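With TSV, C-alpha atoms inside, this is model_37.tsv:
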```
chain	number	residue	atom	x	y	z
A	5	MET	CA	45.05	66.43	-54.30
A	6	GLU	CA	46.03	62.76	-54.14
A	7	LEU	CA	43.47	60.10	-53.26
A	8	ASP	CA	45.11	58.20	-50.39
A	9	THR	CA	43.06	55.33	-48.97
A	10	GLY	CA	45.86	54.67	-46.48
A	11	SER	CA	45.44	58.12	-44.94
A	12	THR	CA	42.88	58.36	-42.15
A	13	LEU	CA	42.68	62.15	-42.41
A	14	THR	CA	42.61	64.66	-45.25
A	15	CYS	CA	45.75	66.85	-45.02
A	16	ILE	CA	47.40	69.79	-46.74
A	17	SER	CA	50.68	71.67	-46.28
A	18	LYS	CA	50.57	75.15	-44.73
A	19	ALA	CA	52.00	76.64	-47.95
A	20	ASN	CA	49.28	75.06	-50.13
A	21	PHE	CA	46.58	76.00	-47.62
A	22	ASP	CA	47.71	79.65	-47.60
A	23	ALA	CA	47.79	79.68	-51.42
A	24	LEU	CA	44.08	78.69	-51.52
A	25	ASN	CA	43.09	81.91	-49.67
A	26	LEU	CA	40.26	80.21	-47.75
A	27	HIS	CA	39.12	83.19	-45.68
A	28	ASN	CA	35.58	81.97	-44.98
A	29	CYS	CA	36.55	78.74	-43.19
A	30	THR	CA	36.88	78.23	-39.47
A	31	VAL	CA	40.44	77.44	-38.36
A	32	ILE	CA	40.81	75.56	-35.08
A	33	PRO	CA	44.25	75.15	-33.45
A	34	CYS	CA	45.12	71.52	-32.86
A	35	ASN	CA	48.10	69.34	-32.13
A	36	GLU	CA	47.16	66.21	-34.12
A	37	ARG	CA	50.09	63.83	-34.51
A	38	LEU	CA	50.09	62.11	-37.91
A	39	ARG	CA	52.05	58.99	-38.78
A	40	VAL	CA	53.20	59.26	-42.39
A	41	ALA	CA	54.12	56.60	-44.96
A	42	ASN	CA	57.76	56.25	-43.83
A	43	TYR	CA	56.59	55.72	-40.21
A	44	GLN	CA	57.83	59.15	-39.16
A	45	TYR	CA	55.51	61.59	-37.40
A	46	GLU	CA	54.35	65.04	-38.49
A	47	THR	CA	52.14	67.37	-36.50
A	48	ALA	CA	49.07	69.14	-37.84
A	49	SER	CA	49.09	72.62	-36.30
A	50	CYS	CA	45.46	73.39	-37.10
A	51	LYS	CA	42.25	72.00	-38.49
A	52	ALA	CA	40.28	74.06	-40.98
A	53	MET	CA	36.56	73.38	-41.37
A	54	VAL	CA	36.10	73.88	-45.12
A	55	ASP	CA	33.06	73.93	-47.39
A	56	VAL	CA	33.19	71.05	-49.88
A	57	GLU	CA	30.91	70.72	-52.91
A	58	PHE	CA	30.75	67.65	-55.14
A	59	ARG	CA	28.07	66.59	-57.64
A	60	GLY	CA	25.48	68.98	-56.27
A	61	LYS	CA	25.98	68.07	-52.62
A	62	SER	CA	27.85	70.08	-50.00
A	63	TRP	CA	29.48	69.37	-46.63
A	64	VAL	CA	31.65	71.11	-44.05
A	65	LEU	CA	34.66	68.82	-43.57
A	66	PRO	CA	37.91	68.99	-41.54
A	67	LEU	CA	41.16	69.69	-43.39
A	68	PHE	CA	44.31	69.18	-41.31
A	69	VAL	CA	47.12	71.67	-42.00
A	70	VAL	CA	50.71	70.43	-41.66
A	71	ASP	CA	53.55	72.96	-41.27
A	72	CYS	CA	56.15	71.05	-43.30
A	73	LYS	CA	56.39	70.23	-47.02
A	74	PHE	CA	53.54	67.74	-47.35
A	75	PRO	CA	51.41	66.42	-50.21
A	76	THR	CA	47.72	67.28	-50.28
A	77	LEU	CA	45.99	64.01	-49.41
A	78	LEU	CA	42.31	63.13	-49.78
A	79	GLY	CA	41.95	60.75	-46.82
A	80	ARG	CA	39.34	58.20	-45.81
A	81	ASP	CA	37.50	60.75	-43.65
A	82	TRP	CA	36.45	62.71	-46.75
A	83	ILE	CA	36.22	59.64	-49.02
A	84	CYS	CA	33.59	58.02	-46.78
A	85	VAL	CA	31.52	61.21	-46.58
A	86	VAL	CA	31.72	62.16	-50.25
A	87	PHE	CA	31.58	58.71	-51.87
A	88	GLY	CA	29.77	56.75	-49.12
A	89	THR	CA	31.02	54.12	-46.69
A	90	ASP	CA	30.71	51.39	-49.34
A	91	TRP	CA	33.06	53.20	-51.75
A	92	LEU	CA	35.63	50.38	-51.75
A	93	ASP	CA	33.08	47.65	-52.52
A	94	ARG	CA	31.68	49.69	-55.41
A	95	LEU	CA	35.17	50.41	-56.76
A	96	VAL	CA	36.24	46.76	-56.65
A	97	GLU	CA	32.98	45.65	-58.27
A	98	MET	CA	33.37	48.21	-61.06
A	99	MET	CA	37.01	47.23	-61.66
A	100	ASP	CA	36.14	43.51	-61.69
A	101	GLN	CA	33.43	44.09	-64.30
A	102	ASN	CA	35.67	46.26	-66.49
A	103	HIS	CA	38.62	43.92	-66.06
A	104	LEU	CA	36.67	40.76	-66.89
A	105	ASN	CA	35.24	42.33	-70.03
A	106	SER	CA	38.59	43.56	-71.35
A	107	VAL	CA	41.07	40.75	-70.55
A	108	SER	CA	41.13	37.33	-72.21
A	109	ALA	CA	42.21	34.16	-70.40
A	110	ALA	CA	45.41	34.01	-72.50
A	111	GLN	CA	46.31	37.59	-71.55
A	112	ARG	CA	45.64	36.85	-67.88
A	113	GLU	CA	47.86	33.73	-67.98
A	114	SER	CA	50.61	35.70	-69.74
A	115	VAL	CA	50.59	38.36	-67.03
A	116	ILE	CA	50.59	35.75	-64.25
A	117	GLY	CA	53.51	33.97	-65.95
A	118	ARG	CA	55.56	37.19	-66.13
A	119	ILE	CA	54.84	37.92	-62.47
A	120	LYS	CA	55.97	34.43	-61.44
A	121	GLN	CA	59.25	34.90	-63.37
A	122	SER	CA	59.98	38.15	-61.54
A	123	SER	CA	63.15	38.31	-59.44
A	124	VAL	CA	60.95	38.89	-56.39
A	125	PHE	CA	60.02	35.20	-56.44
A	126	GLU	CA	63.54	33.81	-56.78
A	127	SER	CA	64.66	31.51	-53.99
A	128	GLY	CA	67.37	32.63	-51.60
A	129	VAL	CA	68.07	35.76	-49.64
A	130	GLY	CA	67.41	39.01	-51.46
A	131	GLU	CA	69.12	42.36	-51.07
A	132	VAL	CA	67.68	45.85	-50.88
A	133	ARG	CA	69.85	48.50	-52.53
A	134	ASP	CA	69.75	52.30	-52.56
A	135	TYR	CA	67.50	52.53	-49.51
A	136	GLU	CA	68.35	53.92	-46.11
A	137	ALA	CA	66.48	52.37	-43.19
A	138	CYS	CA	65.45	54.40	-40.19
A	139	PHE	CA	64.61	52.87	-36.81
A	140	ASP	CA	62.66	54.84	-34.24
A	141	LEU	CA	63.45	53.30	-30.88
A	142	LYS	CA	61.97	54.24	-27.57
A	143	PRO	CA	64.54	56.05	-25.37
A	144	ASP	CA	64.30	53.37	-22.67
A	145	ALA	CA	64.48	50.42	-25.12
A	146	ARG	CA	66.81	47.58	-24.13
A	147	ALA	CA	68.22	44.75	-26.19
A	148	LYS	CA	66.53	41.41	-25.55
A	149	PHE	CA	68.39	38.09	-25.77
A	150	CYS	CA	66.46	35.20	-27.31
A	151	LYS	CA	67.73	31.63	-27.35
A	152	ALA	CA	68.15	30.01	-30.75
A	153	ARG	CA	65.15	27.97	-31.80
A	154	PRO	CA	65.55	24.20	-31.58
A	155	VAL	CA	66.15	22.35	-34.84
A	156	PRO	CA	63.07	20.35	-35.91
A	157	PHE	CA	63.57	16.62	-35.36
A	158	ALA	CA	62.69	15.83	-38.99
A	159	ILE	CA	65.77	17.68	-40.35
A	160	LYS	CA	68.22	17.10	-37.48
A	161	ASP	CA	70.09	14.29	-39.34
A	162	LYS	CA	70.35	16.34	-42.56
A	163	LEU	CA	71.72	19.29	-40.63
A	164	GLU	CA	74.36	17.20	-38.88
A	165	THR	CA	75.39	15.61	-42.19
A	166	ALA	CA	75.64	19.04	-43.86
A	167	SER	CA	77.66	20.49	-40.99
A	168	MET	CA	80.16	17.57	-41.11
A	169	SER	CA	81.00	18.16	-44.78
```
Translate this structure into C-alpha coordinates?
Amino acid sequence: MELDTGSTLTCISKANFDALNLHNCTVIPCNERLRVANYQYETASCKAMVDVEFRGKSWVLPLFVVDCKFPTLLGRDWICVVFGTDWLDRLVEMMDQNHLNSVSAAQRESVIGRIKQSSVFESGVGEVRDYEACFDLKPDARAKFCKARPVPFAIKDKLETASMS
(Lines of atoms letter the chains of each structure in order from A and count residues from 1; the text may use other names and numbers.)
(Lines give C-alpha, C1' and ligand atoms only; values in the text may rest on other atoms or scores of the structure.)
Protein backbone atom coordinates (compact mmCIF):
# COMPACT_ATOMS: atom_id res chain seq x y z
CA MET A 1 0.00 0.00 0.00
CA GLU A 2 1.41 3.38 -1.02
CA LEU A 3 0.92 6.44 1.18
CA ASP A 4 -0.57 9.02 -1.19
CA THR A 5 -1.34 12.40 0.37
CA GLY A 6 -2.65 13.57 -3.01
CA SER A 7 -5.37 10.91 -2.98
CA THR A 8 -8.60 11.91 -1.28
CA LEU A 9 -9.77 8.30 -0.97
CA THR A 10 -8.13 5.00 -0.12
CA CYS A 11 -8.33 2.70 -3.18
CA ILE A 12 -7.41 -0.81 -4.28
CA SER A 13 -7.68 -2.74 -7.54
CA LYS A 14 -10.34 -5.46 -7.82
CA ALA A 15 -7.62 -8.10 -8.31
CA ASN A 16 -5.78 -7.08 -5.12
CA PHE A 17 -9.04 -6.82 -3.19
CA ASP A 18 -10.07 -10.34 -4.26
CA ALA A 19 -6.63 -11.68 -3.29
CA LEU A 20 -7.12 -10.40 0.29
CA ASN A 21 -10.17 -12.68 0.78
CA LEU A 22 -12.00 -10.14 2.96
CA HIS A 23 -15.21 -12.10 3.53
CA ASN A 24 -16.29 -10.35 6.73
CA CYS A 25 -16.51 -6.83 5.29
CA THR A 26 -19.60 -5.11 3.96
CA VAL A 27 -19.42 -4.37 0.22
CA ILE A 28 -21.62 -1.53 -1.04
CA PRO A 29 -22.08 -0.96 -4.79
CA CYS A 30 -21.09 2.55 -5.82
CA ASN A 31 -20.24 4.52 -8.91
CA GLU A 32 -17.57 6.86 -7.50
CA ARG A 33 -15.63 8.65 -10.24
CA LEU A 34 -11.96 9.09 -9.33
CA ARG A 35 -9.57 11.50 -11.00
CA VAL A 36 -6.13 9.91 -11.13
CA ALA A 37 -2.64 11.42 -11.35
CA ASN A 38 -2.62 11.75 -15.16
CA TYR A 39 -5.99 13.60 -15.02
CA GLN A 40 -7.85 10.63 -16.47
CA TYR A 41 -10.88 9.19 -14.69
CA GLU A 42 -11.42 5.72 -13.24
CA THR A 43 -14.59 4.44 -11.63
CA ALA A 44 -14.78 2.65 -8.30
CA SER A 45 -17.41 -0.07 -8.71
CA CYS A 46 -17.86 -0.68 -4.99
CA LYS A 47 -16.92 0.48 -1.54
CA ALA A 48 -15.90 -2.09 1.06
CA MET A 49 -16.24 -1.20 4.74
CA VAL A 50 -13.15 -2.90 6.19
CA ASP A 51 -11.88 -3.39 9.74
CA VAL A 52 -8.59 -1.56 10.26
CA GLU A 53 -6.31 -2.05 13.28
CA PHE A 54 -3.25 0.07 14.00
CA ARG A 55 -1.29 0.49 17.25
CA GLY A 56 -4.02 -1.00 19.40
CA LYS A 57 -6.86 1.04 17.91
CA SER A 58 -9.47 -0.14 15.42
CA TRP A 59 -11.84 1.50 12.94
CA VAL A 60 -14.24 0.53 10.16
CA LEU A 61 -13.11 2.52 7.12
CA PRO A 62 -14.18 2.70 3.44
CA LEU A 63 -11.95 1.08 0.82
CA PHE A 64 -12.86 1.94 -2.79
CA VAL A 65 -12.43 -0.92 -5.27
CA VAL A 66 -11.39 -0.02 -8.84
CA ASP A 67 -11.94 -2.55 -11.65
CA CYS A 68 -8.78 -1.73 -13.62
CA LYS A 69 -5.08 -2.25 -12.86
CA PHE A 70 -4.60 0.26 -10.05
CA PRO A 71 -2.09 0.74 -7.24
CA THR A 72 -3.25 0.30 -3.65
CA LEU A 73 -3.30 3.84 -2.25
CA LEU A 74 -3.58 4.91 1.38
CA GLY A 75 -5.48 8.18 0.90
CA ARG A 76 -6.14 11.18 3.12
CA ASP A 77 -9.45 9.73 4.33
CA TRP A 78 -7.62 6.96 6.20
CA ILE A 79 -4.54 9.07 7.00
CA CYS A 80 -6.64 11.62 8.92
CA VAL A 81 -8.47 8.93 10.89
CA VAL A 82 -5.45 6.76 11.70
CA PHE A 83 -2.80 9.46 12.23
CA GLY A 84 -5.03 12.41 13.22
CA THR A 85 -5.97 15.57 11.33
CA ASP A 86 -2.69 17.25 12.32
CA TRP A 87 -0.57 14.49 10.73
CA LEU A 88 1.07 16.85 8.23
CA ASP A 89 2.10 19.41 10.87
CA ARG A 90 3.62 16.66 13.01
CA LEU A 91 5.46 15.17 10.03
CA VAL A 92 6.93 18.50 8.94
CA GLU A 93 7.96 19.33 12.51
CA MET A 94 9.66 15.95 12.91
CA MET A 95 11.46 16.27 9.56
CA ASP A 96 12.59 19.83 10.37
CA GLN A 97 14.06 18.69 13.69
CA ASN A 98 15.82 15.68 12.14
CA HIS A 99 17.01 17.71 9.17
CA LEU A 100 18.39 20.58 11.23
CA ASN A 101 20.29 18.19 13.47
CA SER A 102 21.89 16.24 10.62
CA VAL A 103 22.79 18.88 8.00
CA SER A 104 25.52 21.50 8.35
CA ALA A 105 25.29 24.97 6.79
CA ALA A 106 28.02 24.06 4.28
CA GLN A 107 26.12 20.94 3.19
CA ARG A 108 22.91 22.96 2.84
CA GLU A 109 24.67 25.60 0.69
CA SER A 110 26.24 22.88 -1.45
CA VAL A 111 22.84 21.31 -2.15
CA ILE A 112 21.27 24.70 -2.92
CA GLY A 113 24.17 25.48 -5.29
CA ARG A 114 23.70 22.20 -7.19
CA ILE A 115 19.96 22.83 -7.48
CA LYS A 116 20.56 26.32 -8.87
CA GLN A 117 22.94 24.89 -11.50
CA SER A 118 20.32 22.40 -12.68
CA SER A 119 19.16 22.63 -16.29
CA VAL A 120 15.67 23.36 -14.99
CA PHE A 121 16.79 26.89 -14.12
CA GLU A 122 18.48 27.71 -17.43
CA SER A 123 17.06 30.69 -19.28
CA GLY A 124 15.19 30.17 -22.53
CA VAL A 125 12.49 27.84 -23.71
CA GLY A 126 12.79 24.26 -22.54
CA GLU A 127 11.68 21.08 -24.26
CA VAL A 128 9.91 18.03 -22.90
CA ARG A 129 10.99 14.76 -24.52
CA ASP A 130 9.64 11.22 -24.38
CA TYR A 131 6.24 12.28 -23.03
CA GLU A 132 2.91 12.04 -24.76
CA ALA A 133 0.36 14.68 -23.77
CA CYS A 134 -3.33 13.92 -23.57
CA PHE A 135 -6.04 16.59 -23.69
CA ASP A 136 -9.54 15.82 -22.48
CA LEU A 137 -11.81 18.33 -24.17
CA LYS A 138 -15.51 18.73 -23.63
CA PRO A 139 -17.48 17.52 -26.68
CA ASP A 140 -19.02 20.96 -27.21
CA ALA A 141 -15.72 22.87 -26.75
CA ARG A 142 -15.01 25.61 -29.29
CA ALA A 143 -11.80 27.42 -30.11
CA LYS A 144 -11.60 30.93 -28.69
CA PHE A 145 -9.76 33.76 -30.45
CA CYS A 146 -7.83 36.14 -28.20
CA LYS A 147 -6.20 39.33 -29.44
CA ALA A 148 -2.46 39.64 -28.94
CA ARG A 149 -1.54 41.50 -25.79
CA PRO A 150 -0.29 45.05 -26.27
CA VAL A 151 3.45 45.61 -25.98
CA PRO A 152 4.35 47.44 -22.75
CA PHE A 153 5.32 51.06 -23.41
CA ALA A 154 8.65 50.66 -21.59
CA ILE A 155 9.98 48.14 -24.17
CA LYS A 156 8.22 49.40 -27.31
CA ASP A 157 11.36 51.19 -28.64
CA LYS A 158 13.59 48.16 -27.99
CA LEU A 159 11.15 45.91 -29.80
CA GLU A 160 10.97 48.19 -32.84
CA THR A 161 14.78 48.44 -32.95
CA ALA A 162 15.13 44.64 -32.71
CA SER A 163 12.52 44.05 -35.42
CA MET A 164 14.29 46.47 -37.82
CA SER A 165 17.60 44.59 -37.62
Residue neighbourhood range 15-21 of chain A, 6 Å, only C-alpha atoms, exclusion window fewer than 2 positions, as an mmCIF file with C-alpha atoms, keeping the file's coordinate frame:
```cif
data_model
loop_
_atom_site.group_PDB
_atom_site.id
_atom_site.type_symbol
_atom_site.label_atom_id
_atom_site.label_comp_id
_atom_site.auth_asym_id
_atom_site.auth_seq_id
_atom_site.Cartn_x
_atom_site.Cartn_y
_atom_site.Cartn_z
ATOM 1 C CA ALA A 23 47.790 79.680 -51.420
ATOM 2 C CA LEU A 24 44.080 78.690 -51.520
ATOM 3 C CA LEU A 67 41.160 69.690 -43.390
ATOM 4 C CA PHE A 68 44.310 69.180 -41.310
ATOM 5 C CA VAL A 69 47.120 71.670 -42.000
ATOM 6 C CA VAL A 70 50.710 70.430 -41.660
ATOM 7 C CA ASP A 71 53.550 72.960 -41.270
ATOM 8 C CA LYS A 73 56.390 70.230 -47.020
ATOM 9 C CA PHE A 74 53.540 67.740 -47.350
ATOM 10 C CA THR A 76 47.720 67.280 -50.280
ATOM 11 C CA LEU A 77 45.990 64.010 -49.410
#
```
Would you place a box with edges along x, y and z of the file around all atoms of range 80-92 of chain A listed there, add 8 Å to each of its six sides, and report the centre and edge lengths in Å to one decimal, as AutoDock Vina command-line options?
```
--center_x 34.6 --center_y 56.5 --center_z -47.8 --size_x 25.6 --size_y 28.3 --size_z 24.2
```
* Structure fact -> Correct to one decimal, the distance CA of Gly79 in chain A-CA of Cys34 in chain A is 17.9 Å
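What separates CA of Thr30 in chain A from CA of Asp55 in chain A is a distance of 9.8 Å.
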Closest atom pairs, residues of range 36-127 of chain A within 12 Å of range 139-142 of chain A, only C-alpha atoms, as a Markdown table:
```
| residue | atom | partner | partner_atom | distance |
| --- | --- | --- | --- | --- |
| A:Asn42 | CA | A:Phe139 | CA | 10.4 |
| A:Tyr43 | CA | A:Asp140 | CA | 8.6 |
| A:Gln44 | CA | A:Asp140 | CA | 8.1 |
| A:Tyr45 | CA | A:Asp140 | CA | 10.3 |
```
* May I have the residues within 8 Å of Val86 in chain A as a PyMOL selection string, using only C-alpha atoms and disregarding those fewer than 3 positions away in the same chain? => chain A and resi 58+82-83
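Between CA of Leu13 in chain A and CA of Ala137 in chain A the interatomic distance comes to 25.7 Å.
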